[in-house]
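Next up, protein.txt (compact mmCIF, C-alpha atoms and all ligand atoms):
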# COMPACT_ATOMS: atom_id res chain seq x y z
CA MET A 1335 16.20 13.60 7.23
CA ASN A 1336 13.43 15.92 6.16
CA ASP A 1337 10.97 14.06 3.92
CA ILE A 1338 8.49 16.90 3.50
CA PRO A 1339 9.75 18.01 0.06
CA GLN A 1340 9.38 14.42 -1.17
CA MET A 1341 5.85 14.15 0.22
CA GLU A 1342 4.96 17.56 -1.16
CA ALA A 1343 5.98 16.43 -4.64
CA SER A 1344 4.04 13.16 -4.33
CA LEU A 1345 0.91 14.85 -3.03
CA HIS A 1346 1.12 17.48 -5.73
CA THR A 1347 1.44 14.82 -8.42
CA VAL A 1348 -1.54 12.86 -7.11
CA LEU A 1349 -3.73 15.97 -6.87
CA HIS A 1350 -2.66 17.04 -10.33
CA ARG A 1351 -3.60 13.64 -11.75
CA ILE A 1352 -7.00 13.79 -10.01
CA ARG A 1353 -7.72 17.25 -11.49
CA GLU A 1354 -6.55 16.02 -14.89
CA ALA A 1355 -8.84 12.97 -14.69
CA GLU A 1356 -11.77 15.21 -13.75
CA ARG A 1357 -11.07 17.40 -16.74
CA ILE A 1358 -10.67 14.54 -19.23
CA SER A 1359 -13.91 12.92 -18.09
CA HIS A 1360 -15.83 16.24 -18.01
CA ARG A 1361 -16.39 16.11 -14.30
CA THR A 1362 -16.95 19.27 -12.27
CA PRO A 1363 -13.57 20.50 -11.01
CA PHE A 1364 -12.94 19.55 -7.37
CA ASP A 1365 -15.82 17.02 -7.39
CA VAL A 1366 -13.37 14.31 -6.37
CA SER A 1367 -11.71 14.40 -2.99
CA LEU A 1368 -8.52 12.68 -1.99
CA LEU A 1369 -8.55 10.38 1.02
CA ALA A 1370 -4.95 9.88 2.13
CA VAL A 1371 -4.67 6.27 3.32
CA SER A 1372 -2.25 6.40 6.24
CA LYS A 1373 -2.33 2.80 7.48
CA LYS A 1374 1.09 1.68 8.70
CA GLN A 1375 2.42 5.22 8.34
CA SER A 1376 3.54 7.21 11.39
CA ALA A 1377 1.67 10.03 13.10
CA ASP A 1378 4.52 12.32 12.02
CA LYS A 1379 3.85 11.52 8.37
CA ILE A 1380 0.18 12.35 8.86
CA ARG A 1381 1.25 15.62 10.49
CA ASP A 1382 3.48 16.37 7.49
CA ALA A 1383 0.67 15.68 5.03
CA PHE A 1384 -1.64 17.89 7.10
CA SER A 1385 0.90 20.71 6.95
CA LEU A 1386 0.78 20.35 3.16
CA GLY A 1387 -2.99 20.88 3.19
CA GLN A 1388 -4.34 17.31 3.32
CA ARG A 1389 -7.31 17.01 5.73
CA GLN A 1390 -8.95 13.60 5.13
CA PHE A 1391 -7.12 10.48 6.29
CA GLY A 1392 -8.16 6.84 6.03
CA GLU A 1393 -7.18 4.08 8.47
CA ASN A 1394 -7.75 0.30 8.38
CA TYR A 1395 -6.89 -0.84 11.90
CA VAL A 1396 -8.69 0.56 14.93
CA GLN A 1397 -5.94 0.28 17.55
CA GLU A 1398 -3.27 1.66 15.25
CA ALA A 1399 -5.53 4.55 14.25
CA LEU A 1400 -6.33 5.46 17.86
CA GLN A 1401 -2.66 5.52 18.86
CA LYS A 1402 -1.90 7.98 16.07
CA LYS A 1403 -5.06 9.98 16.64
CA ALA A 1404 -4.01 10.55 20.25
CA LEU A 1405 -0.82 12.21 18.99
CA LEU A 1406 -2.69 14.46 16.56
CA THR A 1407 -5.49 15.95 18.68
CA ASP A 1408 -4.30 19.48 17.86
CA LEU A 1409 -5.13 18.99 14.15
CA SER A 1410 -8.65 19.09 12.73
CA ILE A 1411 -8.48 15.95 10.68
CA GLU A 1412 -11.48 14.18 9.15
CA TRP A 1413 -10.95 10.50 10.01
CA HIS A 1414 -12.30 7.76 7.75
CA PHE A 1415 -12.41 4.09 8.71
CA ILE A 1416 -11.85 1.92 5.62
CA GLY A 1417 -10.85 -1.45 7.10
CA SER A 1418 -12.87 -4.58 7.73
CA ILE A 1419 -15.06 -4.23 10.82
CA GLN A 1420 -15.23 -6.70 13.68
CA SER A 1421 -18.31 -6.42 15.89
CA ASN A 1422 -16.21 -5.86 19.00
CA LYS A 1423 -14.62 -2.74 17.43
CA THR A 1424 -17.79 -0.92 16.44
CA ARG A 1425 -17.95 1.16 19.63
CA LEU A 1426 -14.49 2.66 19.11
CA ILE A 1427 -15.23 3.28 15.44
CA ALA A 1428 -18.55 4.96 16.29
CA GLU A 1429 -16.83 7.16 18.87
CA GLN A 1430 -13.66 8.06 17.01
CA PHE A 1431 -14.34 8.36 13.29
CA ASP A 1432 -16.25 10.76 11.03
CA TRP A 1433 -16.81 8.33 8.17
CA VAL A 1434 -16.97 4.55 7.76
CA HIS A 1435 -16.56 3.20 4.22
CA SER A 1436 -16.75 -0.50 4.97
CA VAL A 1437 -20.23 -1.24 6.31
CA ASN A 1438 -21.32 -4.53 4.75
CA ARG A 1439 -24.21 -5.82 6.87
CA PHE A 1440 -27.13 -4.80 9.02
CA SER A 1441 -25.73 -5.92 12.38
CA ILE A 1442 -22.67 -3.67 11.97
CA ALA A 1443 -24.78 -0.68 10.92
CA GLU A 1444 -27.12 -1.22 13.87
CA ARG A 1445 -24.23 -1.34 16.34
CA LEU A 1446 -22.64 1.80 14.89
CA ASN A 1447 -25.98 3.61 15.17
CA ASN A 1448 -26.54 2.52 18.77
CA GLN A 1449 -22.97 3.33 19.78
CA ARG A 1450 -22.57 6.70 18.05
CA PRO A 1451 -22.34 9.24 20.91
CA ALA A 1452 -25.34 11.60 21.13
CA HIS A 1453 -23.18 14.75 21.09
CA LEU A 1454 -21.56 13.87 17.74
CA PRO A 1455 -23.16 14.42 14.33
CA PRO A 1456 -24.40 11.33 12.49
CA LEU A 1457 -21.62 9.02 11.30
CA ASN A 1458 -21.18 9.16 7.51
CA ILE A 1459 -21.61 5.69 6.01
CA CYS A 1460 -20.71 4.00 2.76
CA ILE A 1461 -21.85 0.47 2.04
CA GLU A 1462 -18.97 -1.70 0.87
CA VAL A 1463 -20.25 -3.60 -2.16
CA ASN A 1464 -18.83 -6.89 -3.44
CA ILE A 1465 -19.43 -5.67 -6.96
CA ASP A 1466 -17.61 -8.60 -8.62
CA GLU A 1467 -19.58 -11.09 -6.45
CA SER A 1468 -16.24 -12.60 -5.60
CA PRO A 1469 -16.53 -15.51 -3.13
CA THR A 1470 -13.51 -14.27 -1.18
CA LYS A 1471 -14.73 -10.70 -0.66
CA SER A 1472 -16.51 -9.32 2.37
CA GLY A 1473 -18.70 -6.62 0.82
CA CYS A 1474 -22.48 -6.69 0.56
CA LEU A 1475 -23.71 -8.49 -2.56
CA PRO A 1476 -25.25 -6.12 -5.12
CA ASP A 1477 -28.72 -7.70 -4.80
CA LEU A 1478 -28.74 -7.01 -1.05
CA VAL A 1479 -27.56 -3.41 -1.17
CA LEU A 1480 -30.98 -1.78 -1.59
CA ALA A 1481 -32.40 -3.47 1.51
CA LEU A 1482 -29.32 -2.58 3.58
CA ALA A 1483 -29.40 1.02 2.34
CA LYS A 1484 -33.07 1.37 3.33
CA GLN A 1485 -32.31 0.02 6.80
CA ILE A 1486 -29.37 2.37 7.27
CA GLN A 1487 -31.52 5.29 6.18
CA THR A 1488 -33.85 4.70 9.13
CA PHE A 1489 -31.03 5.13 11.68
CA ASP A 1490 -30.83 8.65 13.08
CA LYS A 1491 -27.16 8.47 14.14
CA LEU A 1492 -26.01 7.31 10.69
CA SER A 1493 -25.97 9.31 7.48
CA LEU A 1494 -25.92 7.07 4.43
CA ARG A 1495 -23.63 8.71 1.87
CA GLY A 1496 -22.87 6.11 -0.80
CA LEU A 1497 -21.07 3.01 -1.95
CA MET A 1498 -17.49 1.81 -1.69
CA ILE A 1499 -15.68 -0.93 -3.62
CA ILE A 1500 -12.29 -2.66 -3.59
CA PRO A 1501 -12.42 -4.50 -6.93
CA ASP A 1502 -10.12 -7.27 -8.06
CA LYS A 1503 -7.80 -6.42 -10.91
CA THR A 1504 -9.69 -8.96 -13.03
CA ALA A 1505 -13.13 -7.46 -12.35
CA LEU A 1506 -15.12 -6.43 -15.40
CA ASN A 1507 -16.23 -2.75 -15.36
CA PRO A 1508 -16.49 -2.56 -11.57
CA PHE A 1509 -16.67 1.24 -11.49
CA LYS A 1510 -19.43 1.47 -14.08
CA LYS A 1511 -21.43 -1.26 -12.34
CA THR A 1512 -21.13 0.50 -9.00
CA ASN A 1513 -22.23 3.80 -10.52
CA GLN A 1514 -25.25 2.07 -12.07
CA LEU A 1515 -26.12 0.44 -8.76
CA ALA A 1516 -25.93 3.83 -7.02
CA GLN A 1517 -28.24 5.31 -9.65
CA GLN A 1518 -30.74 2.51 -9.06
CA LEU A 1519 -30.73 3.35 -5.36
CA VAL A 1520 -31.30 7.02 -6.13
CA HIS A 1521 -34.25 6.05 -8.32
CA GLN A 1522 -35.62 4.18 -5.31
CA GLY A 1523 -35.61 7.44 -3.37
CA LEU A 1524 -32.36 7.08 -1.44
CA PHE A 1525 -30.06 10.07 -1.11
CA LEU A 1526 -26.48 9.26 -2.12
CA ASP A 1527 -23.68 11.66 -3.00
CA THR A 1528 -20.57 9.50 -2.63
CA LEU A 1529 -18.78 6.81 -4.60
CA SER A 1530 -15.63 5.74 -2.77
CA MET A 1531 -13.70 4.01 -5.50
CA GLY A 1532 -10.28 4.18 -7.09
CA MET A 1533 -6.87 3.53 -5.57
CA SER A 1534 -3.30 4.27 -6.66
CA ASP A 1535 -3.42 2.12 -9.80
CA ASP A 1536 -6.89 2.78 -11.12
CA PHE A 1537 -8.19 6.09 -9.84
CA GLN A 1538 -8.31 7.80 -13.23
CA GLN A 1539 -10.65 5.11 -14.54
CA ALA A 1540 -12.73 5.34 -11.35
CA ILE A 1541 -13.05 9.11 -11.77
CA ALA A 1542 -14.21 8.63 -15.36
CA GLU A 1543 -17.01 6.43 -13.95
CA GLY A 1544 -18.17 8.84 -11.26
CA SER A 1545 -15.94 8.33 -8.23
CA THR A 1546 -16.15 11.15 -5.66
CA ILE A 1547 -13.52 9.88 -3.19
CA VAL A 1548 -10.30 8.22 -4.26
CA ARG A 1549 -8.33 6.38 -1.57
CA ILE A 1550 -4.58 6.63 -2.04
CA GLY A 1551 -1.77 5.56 0.25
CA THR A 1552 1.52 4.50 -1.29
CA ALA A 1553 1.55 7.17 -3.99
CA ILE A 1554 1.53 9.85 -1.24
CA PHE A 1555 3.45 8.31 1.65
CA GLY A 1556 5.68 5.81 -0.09
CA ALA A 1557 5.91 2.08 0.65
CA ARG A 1558 4.51 0.72 3.90
C1 LIG B 1601 -4.58 0.29 1.66
C2 LIG B 1601 -5.86 0.71 1.06
C3 LIG B 1601 -5.92 1.73 0.10
C4 LIG B 1601 -4.69 2.44 -0.44
O1 LIG B 1601 -3.87 1.57 -1.11
P1 LIG B 1601 -2.52 2.09 -1.81
O2 LIG B 1601 -2.14 0.99 -2.70
O3 LIG B 1601 -1.54 2.31 -0.71
O4 LIG B 1601 -2.82 3.36 -2.52
C5 LIG B 1601 -7.16 2.10 -0.38
N1 LIG B 1601 -8.30 1.52 0.05
C6 LIG B 1601 -8.29 0.55 0.98
C7 LIG B 1601 -9.57 -0.07 1.42
C8 LIG B 1601 -7.07 0.11 1.51
O5 LIG B 1601 -7.08 -0.87 2.42

Let me see whether you can do it: turn the structure in this file into structure tokens.
Amino acid sequence: MNDIPQMEASLHTVLHRIREAERISHRTPFDVSLLAVSKKQSADKIRDAFSLGQRQFGENYVQEALQKKALLTDLSIEWHFIGSIQSNKTRLIAEQFDWVHSVNRFSIAERLNNQRPAHLPPLNICIEVNIDESPTKSGCLPDLVLALAKQIQTFDKLSLRGLMIIPDKTALNPFKKTNQLAQQLVHQGLFLDTLSMGMSDDFQQAIAEGSTIVRIGTAIFGAR
């Protein structure tokens, strides 16, 4: 069965809704980019999405991502790591990805910096923030973000780009809080141009509050 027409319709709908959200919230058109979250989807589905014009893909699991990546070396894909990071996986992430959205502590950032191959450009980094200060979440607590950002900024093989959140449904104004936190960092002299926030259910709200990357899986690829 050929699923490309189905995926084309889904991708078109998602992109249309992103452009619509930009317009409604008076954002600059095409300010927001779509990261297609391809975890648990096949390499063939990624190839199909690429053929429809999608270039940025997000993966959560290192081994799974590398297996698919090996089948897609003919495509110039921008690979984003968005999953939780174990110390023993930092070398593969540093070698194989263009972006990491889920850096939450100094030791991980330091390993990624040391392990980023010299011939590659600096690895683009977002700090994952536990914006709701939820006890079950792994992100960096808001009060600790400035110190971590300053440390990351000193690493020459990392390029600090911004903040990322995965808020609970019950969180109060998580997107606005994250935007305000980013602005505080900018006032402290840090250079940030990225807010990775918004998923299938809430990306329009995230865009209204300044998101620049929305991470969407199911709405493009279907159920996992
Ligand atoms: C899975 C995942 C997404 C995408 O979720 P969907 O519900 O499939 O759109 C976005 N961000 C992160 C961090 C994820 O793990």

Given only C-alpha atoms, how would the per-residue table for region 1386-1488 of chain A near region 1359-1382 of chain A read, listing every residue at most 12 Å away with its closest atom pair and distance in Å to one decimal, sorted by chain and number, as a tab-separated table?
residue	atom	partner	partner_atom	distance
A:Leu1386	CA	A:Asp1382	CA	6.5
A:Gly1387	CA	A:Asp1382	CA	9.0
A:Gln1388	CA	A:Ala1370	CA	7.5
A:Arg1389	CA	A:Leu1369	CA	8.2
A:Gln1390	CA	A:Leu1369	CA	5.2
A:Phe1391	CA	A:Ala1370	CA	4.7
A:Gly1392	CA	A:Val1371	CA	4.5
A:Glu1393	CA	A:Lys1373	CA	5.1
A:Asn1394	CA	A:Lys1373	CA	6.0
A:Tyr1395	CA	A:Lys1373	CA	7.3
A:Val1396	CA	A:Lys1373	CA	10.0
A:Gln1397	CA	A:Lys1373	CA	11.0
A:Glu1398	CA	A:Lys1374	CA	7.9
A:Ala1399	CA	A:Lys1373	CA	7.7
A:Leu1400	CA	A:Ala1377	CA	10.4
A:Gln1401	CA	A:Ala1377	CA	8.5
A:Lys1402	CA	A:Ala1377	CA	5.1
A:Lys1403	CA	A:Ala1377	CA	7.6
A:Ala1404	CA	A:Ala1377	CA	9.1
A:Leu1405	CA	A:Ala1377	CA	6.8
A:Leu1406	CA	A:Ala1377	CA	7.1
A:Thr1407	CA	A:Arg1381	CA	10.6
A:Asp1408	CA	A:Arg1381	CA	10.0
A:Leu1409	CA	A:Arg1381	CA	8.1
A:Ser1410	CA	A:Arg1381	CA	10.7
A:Ile1411	CA	A:Ile1380	CA	9.6
A:Glu1412	CA	A:Leu1369	CA	9.4
A:Trp1413	CA	A:Leu1369	CA	9.3
A:His1414	CA	A:Leu1369	CA	8.1
A:Phe1415	CA	A:Val1371	CA	9.7
A:Ile1416	CA	A:Val1371	CA	8.7
A:Gly1417	CA	A:Lys1373	CA	9.5
A:Trp1433	CA	A:Leu1369	CA	11.1
A:His1435	CA	A:Leu1369	CA	11.2

(request) Check the smallest atom-to-atom distance from each of A:Ala1428, A:Ala1542, A:Ile1442, A:Leu1519 to Leu1497 (chain A) using only C-alpha atoms, then report the winner. (result)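 Among A:Ala1428, A:Ala1542, A:Ile1442, A:Leu1519, it is A:Leu1519 that comes nearest to Leu1497 (chain A).
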
Adding 4 Å on each side of the box along x, y and z that holds all listed atoms of region 1390-1393 of chain A, could you give its centre and edge lengths in Å to one decimal, as lines of an AutoDock Vina configuration file?
center_x = -8.0
center_y = 8.8
center_z = 6.8
size_x = 9.8
size_y = 17.5
size_z = 11.3

(request) Choose the residue, out of A:Gly1544, A:Gly1523, A:Pro1455, A:Gly1532, that has the smallest atom-to-atom separation from Lys1510 (chain A); count all atoms listed in the file. (result)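 Among A:Gly1544, A:Gly1523, A:Pro1455, A:Gly1532, it is A:Gly1544 that comes nearest to Lys1510 (chain A).
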
(request) Compare A:Lys1471, A:Arg1450, A:Lys1484, A:Arg1351 by their minimum atom-to-atom distance to Asp1502 (chain A), counting only C-alpha atoms, and give me the closest one. (result)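 Nearest to Asp1502 (chain A): A:Lys1471.
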
Rebuild all heavy atoms on region 1432-1443 of chain A, as a short mmCIF file (atom, residue, chain, number, x, y, z; two decimals), in the frame of the given file?
data_model
loop_
_atom_site.label_atom_id
_atom_site.label_comp_id
_atom_site.auth_asym_id
_atom_site.auth_seq_id
_atom_site.Cartn_x
_atom_site.Cartn_y
_atom_site.Cartn_z
N ASP A 1432 -15.24 9.91 11.66
CA ASP A 1432 -16.25 10.76 11.03
C ASP A 1432 -16.98 10.02 9.91
O ASP A 1432 -18.13 10.34 9.61
CB ASP A 1432 -15.57 12.02 10.47
CG ASP A 1432 -14.81 12.77 11.54
OD1 ASP A 1432 -15.44 13.22 12.50
OD2 ASP A 1432 -13.56 12.87 11.44
N TRP A 1433 -16.26 9.11 9.27
CA TRP A 1433 -16.81 8.33 8.17
C TRP A 1433 -16.44 6.86 8.36
O TRP A 1433 -15.35 6.56 8.88
CB TRP A 1433 -16.15 8.75 6.84
CG TRP A 1433 -16.66 10.00 6.20
CD1 TRP A 1433 -16.45 11.28 6.63
CD2 TRP A 1433 -17.42 10.10 4.98
NE1 TRP A 1433 -17.04 12.16 5.76
CE2 TRP A 1433 -17.63 11.46 4.73
CE3 TRP A 1433 -17.93 9.15 4.09
CZ2 TRP A 1433 -18.35 11.92 3.62
CZ3 TRP A 1433 -18.63 9.60 2.98
CH2 TRP A 1433 -18.84 10.98 2.76
N VAL A 1434 -17.31 5.97 7.87
CA VAL A 1434 -16.97 4.55 7.76
C VAL A 1434 -17.33 4.11 6.35
O VAL A 1434 -18.48 4.27 5.91
CB VAL A 1434 -17.75 3.70 8.80
CG1 VAL A 1434 -17.34 2.24 8.68
CG2 VAL A 1434 -17.52 4.21 10.21
N HIS A 1435 -16.33 3.59 5.62
CA HIS A 1435 -16.56 3.20 4.22
C HIS A 1435 -16.91 1.74 4.05
O HIS A 1435 -17.22 1.31 2.95
CB HIS A 1435 -15.28 3.44 3.39
CG HIS A 1435 -14.91 4.87 3.20
ND1 HIS A 1435 -14.55 5.38 1.98
CD2 HIS A 1435 -14.86 5.91 4.08
CE1 HIS A 1435 -14.27 6.67 2.11
NE2 HIS A 1435 -14.44 7.01 3.37
N SER A 1436 -16.79 0.95 5.11
CA SER A 1436 -16.75 -0.50 4.97
C SER A 1436 -17.89 -1.21 5.68
O SER A 1436 -17.73 -2.32 6.17
CB SER A 1436 -15.40 -1.00 5.48
OG SER A 1436 -15.03 -0.29 6.66
N VAL A 1437 -19.06 -0.59 5.70
CA VAL A 1437 -20.23 -1.24 6.31
C VAL A 1437 -20.80 -2.24 5.30
O VAL A 1437 -21.13 -1.86 4.17
CB VAL A 1437 -21.29 -0.20 6.71
CG1 VAL A 1437 -22.57 -0.89 7.17
CG2 VAL A 1437 -20.75 0.71 7.81
N ASN A 1438 -20.89 -3.50 5.70
CA ASN A 1438 -21.32 -4.53 4.75
C ASN A 1438 -22.53 -5.33 5.20
O ASN A 1438 -23.02 -6.18 4.47
CB ASN A 1438 -20.16 -5.48 4.44
CG ASN A 1438 -19.67 -6.21 5.67
OD1 ASN A 1438 -20.22 -6.04 6.77
ND2 ASN A 1438 -18.65 -7.02 5.52
N ARG A 1439 -23.03 -5.07 6.42
CA ARG A 1439 -24.21 -5.82 6.87
C ARG A 1439 -24.97 -5.05 7.95
O ARG A 1439 -24.44 -4.15 8.58
CB ARG A 1439 -23.81 -7.21 7.36
CG ARG A 1439 -22.83 -7.23 8.50
CD ARG A 1439 -22.33 -8.67 8.74
NE ARG A 1439 -21.52 -8.78 9.95
CZ ARG A 1439 -20.22 -8.50 10.00
NH1 ARG A 1439 -19.58 -8.06 8.94
NH2 ARG A 1439 -19.56 -8.65 11.13
N PHE A 1440 -26.22 -5.49 8.12
CA PHE A 1440 -27.13 -4.80 9.02
C PHE A 1440 -26.62 -4.76 10.45
O PHE A 1440 -26.69 -3.72 11.11
CB PHE A 1440 -28.52 -5.46 8.97
CG PHE A 1440 -29.48 -4.86 9.94
CD1 PHE A 1440 -30.06 -3.62 9.67
CD2 PHE A 1440 -29.80 -5.51 11.12
CE1 PHE A 1440 -30.94 -3.05 10.57
CE2 PHE A 1440 -30.67 -4.93 12.02
CZ PHE A 1440 -31.24 -3.70 11.75
N SER A 1441 -26.10 -5.88 10.95
CA SER A 1441 -25.73 -5.92 12.38
C SER A 1441 -24.64 -4.90 12.70
O SER A 1441 -24.64 -4.30 13.78
CB SER A 1441 -25.28 -7.33 12.78
OG SER A 1441 -24.15 -7.72 12.02
N ILE A 1442 -23.74 -4.67 11.75
CA ILE A 1442 -22.67 -3.67 11.97
C ILE A 1442 -23.27 -2.27 11.96
O ILE A 1442 -22.96 -1.43 12.81
CB ILE A 1442 -21.58 -3.83 10.89
CG1 ILE A 1442 -20.84 -5.16 11.03
CG2 ILE A 1442 -20.61 -2.64 10.91
CD1 ILE A 1442 -19.97 -5.30 12.26
N ALA A 1443 -24.14 -2.01 11.00
CA ALA A 1443 -24.78 -0.68 10.92
C ALA A 1443 -25.57 -0.40 12.19
O ALA A 1443 -25.50 0.71 12.75
CB ALA A 1443 -25.69 -0.62 9.70
#
